[in-house]
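Novice: The structure that follows is given in the form of structure tokens.
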Amino acid sequence: MASSCAIDVPQDPASLNGPPPSRPQDLLPWGQPQLAALSHTHRWQFSPLNESTDGWRSAIYASQFRNSCDRLLLVEDDLTKAGLGFTAKLWGVALLVAMRDNRVLVEVRMVKQGNATRSDGFERPRWCDRPPFTLQCLYQTWSHCPLPGPDATIVRPGGRPLKVARWPHGEPYVRTGLGRLHRQGAFWHGARSKATREAGRFLFRPRPWVTAIADCVMRGAGLRPGGFINLHIRHSVEKAMEGKRLHVELPRLPAYDVVADALARDLGTRKVYLQTASPEALARFASFAAANRLELAFTNNTRSENDAWGGWQGGSEMEQAAVAAVNAHVGAQSAVSVSPELSIWTLFLGWMFGGDGQPISFSSVCCPAATCRHTTKGGSNSMQLVGAPGVFRAGLAETRKQCAERSYKVRDS
């Protein structure tokens with residue numbers, strides 16, 4: 001059943017016309033002394049060896065809402081055509097790099113070099129078509145710190161490739177792009193920070209207008225927290241071409257039928273919330289759901305067999321971004337979330353799943369079991385299930401019968 005809730009984005013989604021963001025109360029002290037007291041596993045990222053009871057959540061808030069705004073890392077989203085999942089992964093890197101360098105992370109718009117097409121001097125925004133033209137349209141502010149004044153000296157590290165040994169640690173304001181951080185592997189290769197998930201949860205806290213749409217969708221479909229399956233089907237022309245180039249394969253559409261039906265039997269629910277940008281995948285699964293008495297819910301929005309978000313199609317940025325944010329918030333409240341392992345959106349759904357501090361579990365499965373192939377990066381029909389530990393410990397007998405379980409772990413968030 002398509003939701004009747006309109007994906008309406010406010011004209012002032014980030015409440016820029018209201019009071020400026022304030023610094024939260026009761027934050028931990030944070031600065032160079034606190035950083036110096038920690039030992040890290042990675043040279044560039046905030047990756048403490050020390051233990052934390054909250055996944056370093058308190059440290060993240062303290063570092064980004066610190067007393068002083070005199071050290072900023074200004075970052076542009078220049079990941080043209082990348083999806084929100086991959087973009088989020090790089091924003092997580094940017095935040096952990098900023099923390100390690102004792103800086104506050106601030107997203108800034110990308111300036112169009114030799115501006116020939118836009119009168120405002122900026123590149124076309126990737127996600128938000130109205131002020132502030134950044135992800136802050138969709139997600140709560142990352143800091144109370146304002147942008148530097150017009151007379152401030154802002155250093156943009158150069159070089160091809162960027163020589164990390166020359167990173168301007170001593171400069172108050174440093175500006176770079178997500179693409180630059182990605183291309184410079186020293187910033188993220190081998191990083192295994194215990195703060196990664198909480199960094200993602202901090203950056204992608206949906207704004208009230210996003211949660212209001214998500215709540216409307218859930219009410220209309222009769223979805224209650226913990227009482228439905230979240231199913232993400234990744235299917236597009238571009239993703240298929242990428243798979244051929246990399247010699248990997250996403251799950252074929254019938255594989256989603258198997259895992260959804262098996263989980264529904266195990267969990268005792270017939271309710272499935274579907275996330276997909278593909279009209280073919282939607283129509284096919286809707287037919288399967290009707291034939292197997294699954295109660296299907298999904299947002300009512302534009303869909304295409306071609307990727308449309310993050311710069312693929314001009315004019316579609318705002319709707320696609322809003323749908324993604326709504327879908328992630330709904331999926332976070334499911335009993336189990338299912339997504340292909342080879343989609344970076346799967347990582348994002350895992351970050352968002354559950355409440356703050358709630359333990360979560362992951363299970364890697366191939367559905368159906370007979371087609372499980374252990375090829376590069378998991379191979380075909382490999383999916384990740386995310387849920388509370390109790391869901392997996394209860395058995396999931398039908399799912400394990402139909403799908404080959406490749407790995408299982410519990411992680412405290």
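Following the order of the structure tokens, chains are lettered A, B, ..., residues in each are numbered from 1, and ligands are numbered from 1.
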Using DSSP on the backbone coordinates, identify the residues of region 121-321 of chain A assigned to alpha helix (DSSP H); present them as an MDAnalysis selection string.

Specialist: chainID A and resid 178:183 196:203 208:221 237:246 253:267 279:291 317:321

Novice: Could you pull the residues within 10 Å of Ala214 (chain A), counting only C-alpha atoms, minus those fewer than 2 positions along the same chain, as JSON, numbers by chain?

Specialist: {"A": [5, 7, 208, 209, 210, 211, 212, 216, 217, 218, 219, 220, 299, 323, 325, 326, 327, 328, 329, 330, 331]}

Novice: List as a PyMOL selection string the protein and nucleic acid residues near region 126-129 of chain A, meaning an atom at most 12 Å away when only C-alpha atoms are counted, but skip any in the same chain fewer than 4 places from it.

Specialist: chain A and resi 9-14+76-84+87+109-110+122+133-139+308-325

Novice: What is the distance between CA of Ala260 (chain A) and CA of Leu231 (chain A), in Å to one decimal?

Specialist: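 The value is 7.4 Å.
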
Novice: Applying 6 Å and only C-alpha atoms, which residues near Ile344 (chain A) remain after dropping the ones on its own chain fewer than 3 positions away? List them as an NGL selection string.

Specialist: :A and (85-86 or 347)

Novice: Can you write out the residues you just picked, keeping C-alpha atoms, as a PDB file, in the first residue's frame?

Specialist:
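For reference, part-v4.pdb as written:
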```pdb
ATOM      1  CA  GLY A  85      25.029   5.822   2.031  1.00  0.00           C
ATOM      2  CA  PHE A  86      28.488   6.340   0.515  1.00  0.00           C
ATOM      3  CA  LEU A 347      25.908   0.461   6.340  1.00  0.00           C
TER       4      LEU A 347
END
```

Novice: Can you measure CA of Arg197 (chain A) to CA of Gly92 (chain A) for me? One decimal in Å is fine.

Specialist: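 Atom-to-atom, CA of Arg197 (chain A) and CA of Gly92 (chain A) are spaced 8.4 Å apart.
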
Novice: What does the structure give for the distance between CA of Val272 (chain A) and CA of Thr346 (chain A), in Å to one decimal?

Specialist: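 Atom-to-atom, CA of Val272 (chain A) to CA of Thr346 (chain A), that is 17.0 Å.
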
Novice: Just want the 12 Å neighbourhood of region 276-283 of chain A, counted on only C-alpha atoms, with same-chain residues fewer than 6 positions away dropped. Output as an MDAnalysis selection string.

Specialist: chainID A and resid 1:2 83 230:239 251:257 289:290 296:309 319:321 323:324 327:328 338:340 345

Novice: As a PyMOL selection string, please: every residue in region 47-290 of chain A that DSSP puts in strand (DSSP E or B).

Specialist: chain A and resi 48+72-76+104-108+111+122+139+155+173-177+206+229-232+271-275

Novice: For Arg400 (chain A), please output as an MDAnalysis selection string all residues within 12 Å (counting only C-alpha atoms; exclusion window: fewer than 2 positions along the same chain).

Specialist: chainID A and resid 258:259 262:263 265:266 363:369 385 392 394:398 402:408

Novice: Taking only C-alpha atoms into account, name the residue in A:Gly31, A:Pro131, A:Pro48, A:Pro168 that is nearest to Leu16 (chain A).

Specialist: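 Counting only C-alpha atoms, the residue closest to Leu16 (chain A) is A:Pro131.
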
Novice: Find, counting only C-alpha atoms, the residue in A:Gly200, A:Pro225, A:Pro172, A:Pro125 that gets nearest to Leu349 (chain A).

Specialist: A:Gly200

Novice: Nearest to Leu203 (chain A): which of A:Val93, A:Met383, A:Val174, A:Cys145 is it, counting only C-alpha atoms?

Specialist: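 So, comparing all the options, the nearest one is A:Val93.
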
Novice: I need the residue nearest Leu342 (chain A) from this list: A:Gln358, A:Thr41, A:Asn381, A:Asn102. Use only C-alpha atoms for the distance.

Specialist: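 Checking each of A:Gln358, A:Thr41, A:Asn381, A:Asn102 against Leu342 (chain A), counting only C-alpha atoms, the winner is A:Asn381.
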